[in-house]
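Data block for coords.cif (mmCIF, C-alpha atoms):
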```
data_final
loop_
_atom_site.group_PDB
_atom_site.id
_atom_site.type_symbol
_atom_site.label_atom_id
_atom_site.label_comp_id
_atom_site.auth_asym_id
_atom_site.auth_seq_id
_atom_site.Cartn_x
_atom_site.Cartn_y
_atom_site.Cartn_z
ATOM 1 C CA MET B 1006 -50.456 -69.159 13.417
ATOM 2 C CA ARG B 1007 -52.557 -67.159 15.837
ATOM 3 C CA VAL B 1008 -52.223 -63.412 15.349
ATOM 4 C CA SER B 1009 -52.208 -61.742 18.740
ATOM 5 C CA ASN B 1010 -53.181 -58.201 19.601
ATOM 6 C CA ALA B 1011 -49.523 -57.492 20.310
ATOM 7 C CA MET B 1012 -48.545 -58.562 16.796
ATOM 8 C CA MET B 1013 -51.337 -56.500 15.263
ATOM 9 C CA ALA B 1014 -50.325 -53.499 17.358
ATOM 10 C CA GLU B 1015 -46.725 -53.828 16.179
ATOM 11 C CA ASN B 1016 -47.748 -54.118 12.520
ATOM 12 C CA ILE B 1017 -50.028 -51.092 12.802
ATOM 13 C CA GLN B 1018 -47.315 -49.169 14.607
ATOM 14 C CA ASN B 1019 -44.828 -49.903 11.793
ATOM 15 C CA TYR B 1020 -47.377 -48.904 9.181
ATOM 16 C CA LEU B 1021 -48.169 -45.673 11.011
ATOM 17 C CA TYR B 1022 -44.449 -44.917 11.261
ATOM 18 C CA LYS B 1023 -44.031 -45.266 7.503
ATOM 19 C CA GLN B 1024 -47.098 -43.100 6.872
ATOM 20 C CA THR B 1025 -45.876 -40.466 9.307
ATOM 21 C CA LYS B 1026 -42.448 -40.417 7.657
ATOM 22 C CA ALA B 1027 -44.005 -39.970 4.206
ATOM 23 C CA LEU B 1028 -46.348 -37.297 5.557
ATOM 24 C CA LEU B 1029 -43.490 -35.333 7.134
ATOM 25 C CA LYS B 1030 -41.440 -35.584 3.929
ATOM 26 C CA THR B 1031 -44.349 -34.192 1.880
ATOM 27 C CA GLN B 1032 -44.889 -31.389 4.381
ATOM 28 C CA GLU B 1033 -41.190 -30.553 4.259
ATOM 29 C CA SER B 1034 -41.143 -30.434 0.449
ATOM 30 C CA ILE B 1035 -44.121 -28.050 0.468
ATOM 31 C CA ALA B 1036 -42.617 -25.822 3.165
ATOM 32 C CA SER B 1037 -39.149 -25.638 1.543
ATOM 33 C CA GLY B 1038 -40.389 -25.607 -2.027
ATOM 34 C CA LYS B 1039 -37.752 -28.251 -2.782
ATOM 35 C CA ARG B 1040 -38.369 -31.860 -3.751
ATOM 36 C CA ILE B 1041 -34.791 -32.719 -2.782
ATOM 37 C CA ASN B 1042 -33.737 -31.533 0.657
ATOM 38 C CA ARG B 1043 -31.048 -34.120 1.359
ATOM 39 C CA LEU B 1044 -29.000 -36.666 -0.561
ATOM 40 C CA SER B 1045 -31.216 -39.578 0.504
ATOM 41 C CA ASP B 1046 -34.266 -37.950 -1.121
ATOM 42 C CA ASP B 1047 -32.844 -38.543 -4.630
ATOM 43 C CA PRO B 1048 -29.091 -39.267 -4.981
ATOM 44 C CA ILE B 1049 -29.129 -38.993 -8.792
ATOM 45 C CA GLY B 1050 -31.237 -35.831 -8.735
ATOM 46 C CA MET B 1051 -28.988 -34.308 -6.073
ATOM 47 C CA GLY B 1052 -25.955 -34.912 -8.307
ATOM 48 C CA GLN B 1053 -27.703 -33.230 -11.231
ATOM 49 C CA ALA B 1054 -28.763 -30.299 -9.046
ATOM 50 C CA LEU B 1055 -25.203 -29.766 -7.777
ATOM 51 C CA GLY B 1056 -23.919 -29.802 -11.360
ATOM 52 C CA TYR B 1057 -26.484 -27.222 -12.433
ATOM 53 C CA ARG B 1058 -25.635 -25.043 -9.426
ATOM 54 C CA ARG B 1059 -21.939 -25.134 -10.295
ATOM 55 C CA THR B 1060 -22.756 -24.078 -13.859
ATOM 56 C CA ILE B 1061 -24.956 -21.219 -12.624
ATOM 57 C CA SER B 1062 -22.219 -20.066 -10.235
ATOM 58 C CA LYS B 1063 -19.677 -20.013 -13.072
ATOM 59 C CA LEU B 1064 -22.021 -18.080 -15.364
ATOM 60 C CA GLU B 1065 -22.647 -15.496 -12.652
ATOM 61 C CA GLN B 1066 -18.888 -15.101 -12.106
ATOM 62 C CA PHE B 1067 -18.293 -14.770 -15.851
ATOM 63 C CA ASN B 1068 -20.906 -12.019 -16.060
ATOM 64 C CA GLU B 1069 -19.383 -10.212 -13.086
ATOM 65 C CA ASN B 1070 -16.062 -10.316 -14.954
ATOM 66 C CA ILE B 1071 -17.762 -8.991 -18.090
ATOM 67 C CA THR B 1072 -19.387 -6.150 -16.158
ATOM 68 C CA SER B 1073 -15.977 -5.237 -14.747
ATOM 69 C CA ALA B 1074 -14.368 -5.402 -18.203
ATOM 70 C CA ARG B 1075 -17.088 -3.242 -19.779
ATOM 71 C CA GLN B 1076 -16.755 -0.652 -17.023
ATOM 72 C CA HIS B 1077 -12.995 -0.647 -17.580
ATOM 73 C CA LEU B 1078 -13.430 -0.199 -21.338
ATOM 74 C CA ASP B 1079 -15.949 2.613 -20.834
ATOM 75 C CA THR B 1080 -13.486 4.426 -18.571
ATOM 76 C CA VAL B 1081 -10.634 3.967 -21.056
ATOM 77 C CA GLU B 1082 -12.841 5.170 -23.922
ATOM 78 C CA ASN B 1083 -13.770 8.342 -22.033
ATOM 79 C CA ILE B 1084 -10.090 9.032 -21.376
ATOM 80 C CA LEU B 1085 -8.923 8.363 -24.925
ATOM 81 C CA ALA B 1086 -11.802 10.412 -26.328
ATOM 82 C CA ALA B 1087 -10.733 13.323 -24.128
ATOM 83 C CA VAL B 1088 -7.085 12.940 -25.224
ATOM 84 C CA THR B 1089 -8.145 12.793 -28.879
ATOM 85 C CA GLU B 1090 -10.178 15.960 -28.498
ATOM 86 C CA LEU B 1091 -7.246 17.713 -26.835
ATOM 87 C CA LEU B 1092 -4.959 16.702 -29.702
ATOM 88 C CA GLU B 1093 -7.475 17.937 -32.261
ATOM 89 C CA ASP B 1094 -7.399 21.281 -30.448
ATOM 90 C CA THR B 1095 -3.610 21.143 -30.617
ATOM 91 C CA LYS B 1096 -3.752 20.581 -34.374
ATOM 92 C CA ASP B 1097 -5.880 23.699 -34.682
ATOM 93 C CA ILE B 1098 -3.263 25.592 -32.712
ATOM 94 C CA ALA B 1099 -0.449 24.295 -34.926
ATOM 95 C CA ALA B 1100 -2.406 25.187 -38.053
ATOM 96 C CA ASP B 1101 -2.837 28.787 -36.927
ATOM 97 C CA GLN B 1102 0.048 30.780 -38.440
ATOM 98 C CA ASP B 1103 -0.539 34.063 -36.593
ATOM 99 C CA PRO B 1104 2.950 34.875 -35.250
ATOM 100 C CA SER B 1105 1.576 37.361 -32.731
ATOM 101 C CA MET B 1106 -0.339 34.589 -30.967
ATOM 102 C CA ARG B 1107 2.407 31.997 -30.725
ATOM 103 C CA SER B 1108 3.459 32.772 -27.159
ATOM 104 C CA MET B 1109 -0.130 32.376 -25.983
ATOM 105 C CA MET B 1110 -0.462 29.244 -28.120
ATOM 106 C CA ALA B 1111 2.640 27.805 -26.472
ATOM 107 C CA ASP B 1112 0.977 28.297 -23.091
ATOM 108 C CA GLN B 1113 -2.097 26.478 -24.407
ATOM 109 C CA VAL B 1114 0.072 23.579 -25.555
ATOM 110 C CA VAL B 1115 1.603 23.360 -22.063
ATOM 111 C CA THR B 1116 -1.877 23.205 -20.555
ATOM 112 C CA ILE B 1117 -2.923 20.485 -23.014
ATOM 113 C CA ARG B 1118 0.259 18.501 -22.329
ATOM 114 C CA ASP B 1119 -0.368 18.668 -18.586
ATOM 115 C CA GLN B 1120 -3.952 17.499 -19.075
ATOM 116 C CA ILE B 1121 -2.860 14.551 -21.228
ATOM 117 C CA PHE B 1122 -0.200 13.694 -18.636
ATOM 118 C CA GLN B 1123 -2.898 13.556 -15.961
ATOM 119 C CA LEU B 1124 -5.203 11.490 -18.157
ATOM 120 C CA ALA B 1125 -2.387 9.055 -18.993
ATOM 121 C CA ASN B 1126 -1.928 8.540 -15.246
ATOM 122 C CA SER B 1127 -5.621 7.908 -14.594
ATOM 123 C CA ARG B 1128 -6.788 5.341 -12.057
ATOM 124 C CA ASN B 1129 -9.790 3.038 -11.991
ATOM 125 C CA ASN B 1130 -10.835 1.572 -8.629
ATOM 126 C CA GLY B 1131 -7.476 2.596 -7.216
ATOM 127 C CA ASN B 1132 -5.431 0.961 -9.995
ATOM 128 C CA TYR B 1133 -3.541 2.728 -12.766
ATOM 129 C CA LEU B 1134 -5.153 2.053 -16.134
ATOM 130 C CA PHE B 1135 -2.128 2.378 -18.390
ATOM 131 C CA SER B 1136 0.774 0.757 -16.521
ATOM 132 C CA GLY B 1137 0.245 -2.806 -17.769
ATOM 133 C CA ASP B 1138 0.464 -5.341 -14.957
ATOM 134 C CA LEU B 1139 2.130 -2.830 -12.624
ATOM 135 C CA THR B 1140 -1.198 -1.371 -11.524
ATOM 136 C CA ASP B 1141 0.323 0.234 -8.399
ATOM 137 C CA THR B 1142 2.969 2.060 -10.424
ATOM 138 C CA GLN B 1143 2.281 5.458 -11.981
ATOM 139 C CA PRO B 1144 2.619 4.911 -15.749
ATOM 140 C CA PHE B 1145 4.339 8.173 -16.704
ATOM 141 C CA GLU B 1146 6.793 10.346 -14.823
ATOM 142 C CA LEU B 1147 8.189 13.732 -15.755
ATOM 143 C CA ASP B 1148 11.841 14.613 -15.273
ATOM 144 C CA THR B 1149 11.430 18.319 -14.607
ATOM 145 C CA ALA B 1150 15.128 18.927 -15.258
ATOM 146 C CA THR B 1151 15.052 17.560 -18.806
ATOM 147 C CA GLY B 1152 11.342 17.774 -19.629
ATOM 148 C CA VAL B 1153 11.384 14.080 -20.590
ATOM 149 C CA TYR B 1154 8.317 11.912 -19.940
ATOM 150 C CA SER B 1155 9.232 8.284 -19.269
ATOM 151 C CA TYR B 1156 7.057 5.179 -19.055
ATOM 152 C CA GLN B 1157 7.312 3.243 -15.792
ATOM 153 C CA GLY B 1158 4.867 0.398 -16.509
ATOM 154 C CA ASP B 1159 5.206 -2.794 -18.522
ATOM 155 C CA GLY B 1160 3.541 -4.368 -21.563
ATOM 156 C CA GLY B 1161 0.882 -6.299 -19.639
ATOM 157 C CA THR B 1162 -2.805 -6.360 -20.543
ATOM 158 C CA LYS B 1163 -5.960 -6.314 -18.447
ATOM 159 C CA ASP B 1164 -7.300 -9.865 -18.829
ATOM 160 C CA HIS B 1165 -10.854 -10.939 -18.018
ATOM 161 C CA ILE B 1166 -12.220 -14.514 -18.115
ATOM 162 C CA ILE B 1167 -15.674 -14.246 -19.717
ATOM 163 C CA GLY B 1168 -16.552 -17.887 -20.409
ATOM 164 C CA GLU B 1169 -15.244 -21.434 -20.534
ATOM 165 C CA GLY B 1170 -11.949 -21.013 -22.349
ATOM 166 C CA LEU B 1171 -12.833 -17.417 -23.294
ATOM 167 C CA GLN B 1172 -10.731 -14.418 -22.335
ATOM 168 C CA VAL B 1173 -10.667 -10.794 -23.394
ATOM 169 C CA SER B 1174 -7.414 -8.831 -23.102
ATOM 170 C CA ILE B 1175 -7.605 -5.032 -22.934
ATOM 171 C CA ILE B 1176 -4.593 -2.944 -23.976
ATOM 172 C CA ALA B 1177 -3.050 -1.413 -20.869
ATOM 173 C CA ASP B 1178 0.473 -0.623 -22.090
ATOM 174 C CA GLY B 1179 0.675 3.156 -21.817
ATOM 175 C CA SER B 1180 3.759 3.318 -24.000
ATOM 176 C CA GLN B 1181 1.822 1.642 -26.824
ATOM 177 C CA ILE B 1182 -1.117 4.010 -26.383
ATOM 178 C CA PHE B 1183 0.648 7.337 -25.850
ATOM 179 C CA GLN B 1184 4.034 6.681 -27.437
ATOM 180 C CA GLY B 1185 3.203 4.100 -30.115
ATOM 181 C CA GLU B 1186 2.508 5.991 -33.345
ATOM 182 C CA GLY B 1187 4.617 8.822 -31.996
ATOM 183 C CA ASP B 1188 5.454 10.052 -28.524
ATOM 184 C CA VAL B 1189 2.665 12.482 -27.712
ATOM 185 C CA PHE B 1190 4.761 14.188 -25.049
ATOM 186 C CA ASP B 1191 7.788 14.637 -27.309
ATOM 187 C CA VAL B 1192 5.612 16.076 -30.077
ATOM 188 C CA LEU B 1193 3.947 18.514 -27.687
ATOM 189 C CA ASN B 1194 7.357 19.487 -26.289
ATOM 190 C CA ASP B 1195 8.631 20.161 -29.798
ATOM 191 C CA LEU B 1196 5.499 22.117 -30.675
ATOM 192 C CA GLU B 1197 5.835 24.289 -27.598
ATOM 193 C CA ALA B 1198 9.509 24.922 -28.370
ATOM 194 C CA ALA B 1199 8.739 25.866 -31.990
ATOM 195 C CA LEU B 1200 5.981 28.250 -30.905
ATOM 196 C CA ARG B 1201 8.225 29.970 -28.362
ATOM 197 C CA ALA B 1202 11.021 30.205 -30.923
ATOM 198 C CA ASP B 1203 8.561 31.678 -33.447
ATOM 199 C CA ASP B 1204 9.571 28.849 -35.787
ATOM 200 C CA GLY B 1205 6.705 28.579 -38.254
ATOM 201 C CA ASP B 1206 8.186 25.613 -40.126
ATOM 202 C CA GLY B 1207 8.867 23.818 -36.845
ATOM 203 C CA VAL B 1208 5.230 24.320 -35.855
ATOM 204 C CA THR B 1209 3.988 23.021 -39.201
ATOM 205 C CA ASP B 1210 6.231 19.971 -38.947
ATOM 206 C CA GLN B 1211 4.274 18.791 -35.894
ATOM 207 C CA LEU B 1212 0.937 18.645 -37.728
ATOM 208 C CA PRO B 1213 1.448 15.272 -39.479
ATOM 209 C CA LEU B 1214 2.922 13.839 -36.269
ATOM 210 C CA LEU B 1215 -0.156 14.909 -34.315
ATOM 211 C CA SER B 1216 -2.368 13.370 -36.995
ATOM 212 C CA GLU B 1217 -0.487 10.069 -36.722
ATOM 213 C CA ILE B 1218 -0.926 10.035 -32.960
ATOM 214 C CA VAL B 1219 -4.653 10.725 -33.280
ATOM 215 C CA GLU B 1220 -4.932 7.976 -35.885
ATOM 216 C CA GLY B 1221 -3.169 5.560 -33.528
ATOM 217 C CA LEU B 1222 -5.493 6.459 -30.659
ATOM 218 C CA ASN B 1223 -8.525 5.978 -32.883
ATOM 219 C CA GLY B 1224 -7.192 2.566 -33.856
ATOM 220 C CA ILE B 1225 -6.959 1.517 -30.217
ATOM 221 C CA ARG B 1226 -10.424 2.919 -29.570
ATOM 222 C CA ALA B 1227 -11.760 0.851 -32.479
ATOM 223 C CA ILE B 1228 -10.196 -2.295 -31.004
ATOM 224 C CA ASN B 1229 -11.753 -1.510 -27.635
ATOM 225 C CA ALA B 1230 -15.141 -0.874 -29.257
ATOM 226 C CA GLY B 1231 -14.995 -4.302 -30.888
ATOM 227 C CA GLN B 1232 -14.150 -5.898 -27.553
ATOM 228 C CA SER B 1233 -17.027 -4.071 -25.913
ATOM 229 C CA LYS B 1234 -19.432 -5.515 -28.497
ATOM 230 C CA ARG B 1235 -18.022 -8.982 -27.906
ATOM 231 C CA LEU B 1236 -18.447 -8.565 -24.152
ATOM 232 C CA GLU B 1237 -22.051 -7.461 -24.581
ATOM 233 C CA ALA B 1238 -22.869 -10.431 -26.836
ATOM 234 C CA THR B 1239 -21.183 -12.891 -24.461
ATOM 235 C CA GLN B 1240 -22.984 -11.428 -21.464
ATOM 236 C CA ASN B 1241 -26.348 -11.776 -23.209
ATOM 237 C CA TYR B 1242 -25.517 -15.379 -24.117
ATOM 238 C CA ASN B 1243 -24.496 -16.158 -20.534
ATOM 239 C CA LYS B 1244 -27.724 -14.666 -19.211
ATOM 240 C CA ALA B 1245 -29.839 -16.751 -21.591
ATOM 241 C CA PHE B 1246 -27.852 -19.893 -20.763
ATOM 242 C CA ASN B 1247 -28.276 -19.129 -17.053
ATOM 243 C CA VAL B 1248 -32.064 -19.026 -17.507
ATOM 244 C CA ASN B 1249 -32.014 -22.415 -19.273
ATOM 245 C CA VAL B 1250 -29.858 -24.044 -16.595
ATOM 246 C CA SER B 1251 -32.013 -22.522 -13.849
ATOM 247 C CA ASP B 1252 -35.078 -24.071 -15.494
ATOM 248 C CA LEU B 1253 -33.368 -27.468 -15.554
ATOM 249 C CA LEU B 1254 -32.429 -27.061 -11.889
ATOM 250 C CA SER B 1255 -36.015 -26.185 -11.036
ATOM 251 C CA GLN B 1256 -37.304 -29.271 -12.856
ATOM 252 C CA VAL B 1257 -34.911 -31.479 -10.875
ATOM 253 C CA GLU B 1258 -35.264 -30.123 -7.353
ATOM 254 C CA ASP B 1259 -38.344 -27.904 -7.051
ATOM 255 C CA THR B 1260 -41.597 -29.192 -5.603
ATOM 256 C CA ASP B 1261 -44.658 -29.564 -7.793
ATOM 257 C CA ILE B 1262 -46.940 -27.791 -5.338
ATOM 258 C CA VAL B 1263 -50.196 -29.073 -6.842
ATOM 259 C CA GLU B 1264 -49.005 -32.665 -6.880
ATOM 260 C CA ALA B 1265 -47.547 -32.362 -3.387
ATOM 261 C CA ALA B 1266 -50.782 -30.879 -2.013
ATOM 262 C CA ILE B 1267 -52.779 -33.785 -3.450
ATOM 263 C CA ASN B 1268 -50.309 -36.288 -2.015
ATOM 264 C CA LEU B 1269 -50.490 -34.584 1.362
ATOM 265 C CA GLN B 1270 -54.265 -34.820 1.404
ATOM 266 C CA LEU B 1271 -54.155 -38.502 0.443
ATOM 267 C CA GLN B 1272 -51.503 -39.238 3.056
ATOM 268 C CA GLU B 1273 -53.435 -37.432 5.798
ATOM 269 C CA THR B 1274 -56.600 -39.354 4.864
ATOM 270 C CA ALA B 1275 -54.722 -42.674 4.893
ATOM 271 C CA TYR B 1276 -53.160 -41.837 8.257
ATOM 272 C CA GLU B 1277 -56.479 -40.932 9.823
ATOM 273 C CA THR B 1278 -58.111 -44.054 8.349
ATOM 274 C CA THR B 1279 -55.363 -46.234 9.759
ATOM 275 C CA LEU B 1280 -55.810 -44.712 13.206
ATOM 276 C CA ALA B 1281 -59.562 -45.279 13.072
ATOM 277 C CA THR B 1282 -59.151 -48.858 11.867
ATOM 278 C CA ALA B 1283 -56.576 -49.602 14.540
ATOM 279 C CA ALA B 1284 -58.909 -48.336 17.221
ATOM 280 C CA LYS B 1285 -61.550 -50.812 16.103
ATOM 281 C CA ILE B 1286 -59.237 -53.810 15.634
ATOM 282 C CA ILE B 1287 -57.208 -53.518 18.804
ATOM 283 C CA GLN B 1288 -59.333 -53.630 21.959
ATOM 284 C CA PRO B 1289 -58.118 -51.351 24.704
ATOM 285 C CA ASN B 1290 -58.002 -54.326 27.071
ATOM 286 C CA LEU B 1291 -54.598 -54.724 28.692
ATOM 287 C CA MET B 1292 -54.991 -58.473 29.121
ATOM 288 C CA ASN B 1293 -55.935 -58.905 25.422
ATOM 289 C CA PHE B 1294 -52.996 -56.772 24.376
ATOM 290 C CA LEU B 1295 -50.632 -58.942 26.432
ATOM 291 C CA SER B 1296 -52.093 -62.275 25.308
#
```
Reformat the file's structure so that it appears as structure tokens.
Amino acid sequence: MRVSNAMMAENIQNYLYKQTKALLKTQESIASGKRINRLSDDPIGMGQALGYRRTISKLEQFNENITSARQHLDTVENILAAVTELLEDTKDIAADQDPSMRSMMADQVVTIRDQIFQLANSRNNGNYLFSGDLTDTQPFELDTATGVYSYQGDGGTKDHIIGEGLQVSIIADGSQIFQGEGDVFDVLNDLEAALRADDGDGVTDQLPLLSEIVEGLNGIRAINAGQSKRLEATQNYNKAFNVNVSDLLSQVEDTDIVEAAINLQLQETAYETTLATAAKIIQPNLMNFLS
């Protein structure tokens, strides 16, 4: 079969189209830094890349949750440490048996009780820390007529998802914290009353109760410290896992710049060679082209 100029022109045109397409794809991969820019580039690789990206997104969310949980625990620890210190000061007051100072000591107890009341009603990012799930409800209220402090929250915990199937629950039940081993407000009320009544035995009776409350607070602080360590370890693990998954993602979708640059040079050379060859093969004679 006779090969006409028209047939040769069409074949060269198709070949140049394929070379141009490959050249543009290589240029795009170099410019974007990605080997896979669309599903058609590598369907299997695209599926792997999407899976890796989902894993990375989850790990980042887990670590955001951990950061939030650690900040919450740090805030709670600062509050409970302050309450513990105030109660230690109260124990010193109760241990002082100077009758002439008891009226002044009673005033000090009132001040300490008010401070603990404020701390028990602390907020974090606009939410009450010790009202369980009822974060918009003030945990403790004072009935000024009776002097009774009542808990308004519930027994909920502050829960944080920190990994696949992993959750940390932080104690947020104010009644458990401040009224668990003994009602801190009742004990302080009784201590104030004993001091004002100049009741030495009544004052002494509050010492073991204060010690029990402090012991209970320290127990909760120990639990929180253990959770903080767990959060730190999990966060470090998530960060390391994130690095590994990011490396796998890079291997799947990132461009090998050196290899791509070599391919680009080869493709440009082949394209230019094809153009030069075509110019020699196909005569620029309209009648020959149409024959």
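Put simply, the PyMOL selection byres ((chain B and resi 1138) around 8) on this file hits Ser1136, Gly1137, Leu1139, Thr1140, Gly1158, Asp1159, Gly1160, Gly1161, Thr1162, Lys1163 and Ala1177 of chain B.
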Residues picked by the PyMOL selection byres ((chain B and resi 1241-1247) around 12) here, as a ChimeraX atom specification?
/B:1057-1072,1167-1169,1234-1240,1248-1254
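Remark: for Arg1226 (chain B), the closest of the candidate residues B:Ser1174, B:Gly1131, B:Ile1182, B:Met1051 is B:Ile1182 (distances computed over only C-alpha atoms).
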Hits from the PyMOL selection byres ((chain B and resi 1201) around 10), listed as a list in words
Pro1104, Arg1107, Ser1108, Met1109, Met1110, Ala1111, Asp1112, Asp1195, Leu1196, Glu1197, Ala1198, Ala1199, Leu1200, Ala1202, Asp1203, Asp1204 and Val1208 of chain B
Could you give me the centre and size, in Å to one decimal, of an axis-aligned box around all listed atoms of region 1245-1253 of chain B with 6 Å added on every side, as AutoDock Vina command-line options?
```
--center_x -31.5 --center_y -22.1 --center_z -17.7 --size_x 19.2 --size_y 22.7 --size_z 19.7
```
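Closest approach to Phe1145 (chain B) among B:Asp1097, B:Glu1217, B:Asp1119, B:Glu1090: B:Asp1119, based on all atoms listed in the file.
Here CA of Asn1223 (chain B) is placed at a distance of 10.0 Å from CA of Glu1082 (chain B).
Taking only C-alpha atoms into account, Ala1125 (chain B) lies nearest to B:Glu1146 out of the set B:Asp1103, B:Glu1220, B:Glu1146, B:Asp1206.
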Sphere at (3.9, 11.3, -36.1), radius 12 Å, counting all atoms listed in the file: residues as a PyMOL selection string
chain B and resi 1183-1193+1195+1210-1222
Residue subset to file, keeping C-alpha atoms, as a compact mmCIF listing (two decimals), keeping the file's coordinate frame:
```txt
# COMPACT_ATOMS: atom_id res chain seq x y z
CA PHE B 1183 0.65 7.34 -25.85
CA GLN B 1184 4.03 6.68 -27.44
CA GLY B 1185 3.20 4.10 -30.12
CA GLU B 1186 2.51 5.99 -33.34
CA GLY B 1187 4.62 8.82 -32.00
CA ASP B 1188 5.45 10.05 -28.52
CA VAL B 1189 2.66 12.48 -27.71
CA PHE B 1190 4.76 14.19 -25.05
CA ASP B 1191 7.79 14.64 -27.31
CA VAL B 1192 5.61 16.08 -30.08
CA LEU B 1193 3.95 18.51 -27.69
CA ASP B 1195 8.63 20.16 -29.80
CA ASP B 1210 6.23 19.97 -38.95
CA GLN B 1211 4.27 18.79 -35.89
CA LEU B 1212 0.94 18.64 -37.73
CA PRO B 1213 1.45 15.27 -39.48
CA LEU B 1214 2.92 13.84 -36.27
CA LEU B 1215 -0.16 14.91 -34.32
CA SER B 1216 -2.37 13.37 -36.99
CA GLU B 1217 -0.49 10.07 -36.72
CA ILE B 1218 -0.93 10.04 -32.96
CA VAL B 1219 -4.65 10.72 -33.28
CA GLU B 1220 -4.93 7.98 -35.88
CA GLY B 1221 -3.17 5.56 -33.53
CA LEU B 1222 -5.49 6.46 -30.66
```
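Candidate residues B:Asn1130, B:Thr1095, B:Gln1181, B:Gln1232 were compared for distance to Gln1113 (chain B), and the nearest is B:Thr1095, using all atoms listed in the file.
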Expected answer as a PyMOL selection string: all residues with atoms within 6 Å of (1.2, 4.6, -12.8), only C-alpha atoms:
chain B and resi 1126+1133+1136+1142-1144
Closest to Ser1255 (chain B) among B:Gln1076, B:Gln1053, B:Thr1116, B:Ser1127, using all atoms listed in the file?
B:Gln1053
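Between CA of Ser1233 (chain B) and CA of Arg1075 (chain B) the interatomic distance comes to 6.2 Å.
What separates CA of Arg1118 (chain B) from CA of Ala1100 (chain B) is a distance of 17.3 Å.
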